Amino acid sequence: MSSLIAWILRAIPFGTIIMYGAMGEIVTEKSGNLNLGVPGIMYLGGFAGFASAYYYENLTANPNPVLSVVIALLCALIASTLGGLIYAFLTITLRANQNVTGLALTTFGMGVANFFGVFILNGSSYSAAPLANKAFAAKIPVLSGLGTVGQVVFSYGFLVYAAIVLAIVLFWFLSRTRVGLNLRAVGENPATADAAGINVTRYKYVATLCGAAISGVGGLYYVLDYNQGIWATTEQIEALGWLAVALVIFTTWKPLNAIWGAYLFGMLYWLYQFLPSLMGISVPSYATDLIQMVPYVVTILVLIVVSLRRKKENQPPASLGIAYFREER
């Protein structure tokens with residue numbers, strides 16, 4: 001029982017990181033833009049949030065935890081939105097290839113974060129923002145102490161619960177509001193939406209920027225909560241970014257599916273660590289990477305099944321990845 005609880009406690013925070021990345025990409029792709037720069041945007045959001053909290057803690061005599069959270073969130077949102085703006089300008093205004101632009105943005109985001117991160121590390125292997133970490137990882141008072149239920153359900157930072165609420169809000173927005181339906185129309189057939197009086201360029205820009213901002217929060221959560229407020233020059237955020245892109249396909253572009261899908265990915269990713277205690281199966285060291293590939297294998301299987309069934313509601317937006325030329329309408 002204790003191993004199962006430990007497995008869940010490891011899977012839910014891990015899943016929350018990729019849930020933010022996936023939800024941001026779902027919003028972007030609903031407009032018809034395929035942004036493969038999610039890993040780079042998560043890098044930008046994570047570094048900007050950490051750097052702002054780090055300097056606030058070290059340059060202020062009596063830093064306030066709440067203010068530290070606000071500053072980190074604000075800076076992460078600004079940095080990731082700027083990353084989205086770069087992508088939007090290149091692909092929407094200049095009509096550059098979306099796949100190439102997204103991959104370039106991933107490299108750009110990683111490079112910028114690691115370059116400026118050198119000044120914070122200052123020769124060390126890592127730097128930390130303990131005050132921000134304590135604020136972001138704070139558990140719900142009283143409820144987190146209610147036995148096994150409290151330990152499993154209420155033992156996480158506020159961004160875990162914010163991710164679930166955001167998924168529900170996005171579902172309602174995309175399926176119940178006029179603006180959300182217009183956004184989906186832009187992603188399905190921008191020419192028809194344009195003819196109906198919908199400003200295609202505006203919707204694409206806003207969706208791309210909002211999607212990037214949401215993805216950036218995933219990077220922030222990784223650094224200041226999941227990674228205990230520590231910044232180090234590793235490529236873990238990039239790996240999680242690609243897992244978030246895979247999660248978009250797994251969820252068939254539905255925000256609500258991102259909730260259970262993200263936690264399932266988390267369970268599968270950490271399966272190798274808990275198999276020995278749960279089932280008495282020893283996992284050789286060389287099989288660890290193979291087991292961690294399971295979420296990607298599951299995504300491929302889902303993609304095959306969805307493609308064979310050809311249900312309209314489970315397909316990506318019809319104009320996904322295709323630049324819109326109004327002159328060809």
# chains A, B, ... in the order shown; residues from 1 in each chain; ligands from 1

call {"tool": "residues_around", "arguments": {"residues": "Val27 (chain A)", "least_positions_apart": "3", "cutoff": "10 Å", "atoms": "only C-alpha atoms", "output": "list of chain:residue names"}}
result
A:Ala22, A:Met23, A:Gly24, A:Lys30, A:Ser31, A:Gly32, A:Asn33, A:Leu170, A:Leu174, A:Gly180, A:Leu183, A:Arg184, A:Lys204, A:Val206, A:Ala207, A:Thr208, A:Leu209, A:Cys210, A:Gly211, A:Ala212, A:Ile214, A:Trp253, A:Lys254, A:Pro255

call {"tool": "residues_around", "arguments": {"residues": "Gly102 (chain A)", "least_positions_apart": "6", "cutoff": "12 Å", "atoms": "only C-alpha atoms", "output": "PyMOL selection string"}}
result
chain A and resi 25+33-41+83-91+96+108-109+208+212+242+245+321

call {"tool": "residues_around", "arguments": {"residues": "Thr252 (chain A)", "least_positions_apart": "4", "cutoff": "7 Å", "atoms": "only C-alpha atoms", "output": "MDAnalysis selection string"}}
result
chainID A and resid 248 314:315

call {"tool": "write_last_selection", "arguments": {"atoms": "N, CA, C and O atoms", "output": "compact mmCIF listing (two decimals), in the first residue's frame"}}
result
# COMPACT_ATOMS: atom_id res chain seq x y z
N VAL A 248 -1.01 15.64 -26.17
CA VAL A 248 -2.05 16.31 -26.97
C VAL A 248 -2.71 15.30 -27.91
O VAL A 248 -3.93 15.25 -28.04
N ASN A 314 -12.58 13.05 -32.87
CA ASN A 314 -11.28 12.62 -32.36
C ASN A 314 -10.12 12.99 -33.27
O ASN A 314 -8.98 12.60 -33.02
N GLN A 315 -10.41 13.72 -34.34
CA GLN A 315 -9.38 14.10 -35.29
C GLN A 315 -8.82 15.48 -34.95
O GLN A 315 -9.48 16.31 -34.32

call {"tool": "select_by_dssp", "arguments": {"residues": "region 86-259 of chain A", "states": "strand (DSSP E or B)", "output": "list in words"}}
result
Ser127, Ala128, Ile230 and Trp231 of chain A

call {"tool": "write_last_selection", "arguments": {"atoms": "all heavy atoms", "output": "compact mmCIF listing (two decimals), in the first residue's frame"}}
result
# COMPACT_ATOMS: atom_id res chain seq x y z
N SER A 127 21.58 26.19 -8.59
CA SER A 127 21.20 27.29 -7.71
C SER A 127 19.78 27.04 -7.23
O SER A 127 19.01 26.33 -7.90
CB SER A 127 21.29 28.64 -8.43
OG SER A 127 22.63 28.96 -8.74
N ALA A 128 19.42 27.62 -6.10
CA ALA A 128 18.11 27.33 -5.52
C ALA A 128 17.39 28.60 -5.07
O ALA A 128 18.01 29.61 -4.75
CB ALA A 128 18.27 26.38 -4.33
N ILE A 230 15.11 24.26 -7.63
CA ILE A 230 16.51 24.19 -8.06
C ILE A 230 16.62 24.35 -9.56
O ILE A 230 15.88 23.72 -10.33
CB ILE A 230 17.14 22.85 -7.64
CG1 ILE A 230 17.18 22.74 -6.11
CG2 ILE A 230 18.54 22.68 -8.22
CD1 ILE A 230 17.65 21.40 -5.59
N TRP A 231 17.55 25.22 -9.99
CA TRP A 231 17.83 25.37 -11.42
C TRP A 231 19.19 24.75 -11.72
O TRP A 231 20.18 25.06 -11.08
CB TRP A 231 17.85 26.83 -11.84
CG TRP A 231 18.25 27.00 -13.28
CD1 TRP A 231 19.49 27.29 -13.77
CD2 TRP A 231 17.40 26.86 -14.42
NE1 TRP A 231 19.47 27.33 -15.14
CE2 TRP A 231 18.20 27.07 -15.58
CE3 TRP A 231 16.04 26.56 -14.59
CZ2 TRP A 231 17.68 27.01 -16.87
CZ3 TRP A 231 15.53 26.49 -15.88
CH2 TRP A 231 16.34 26.72 -17.00
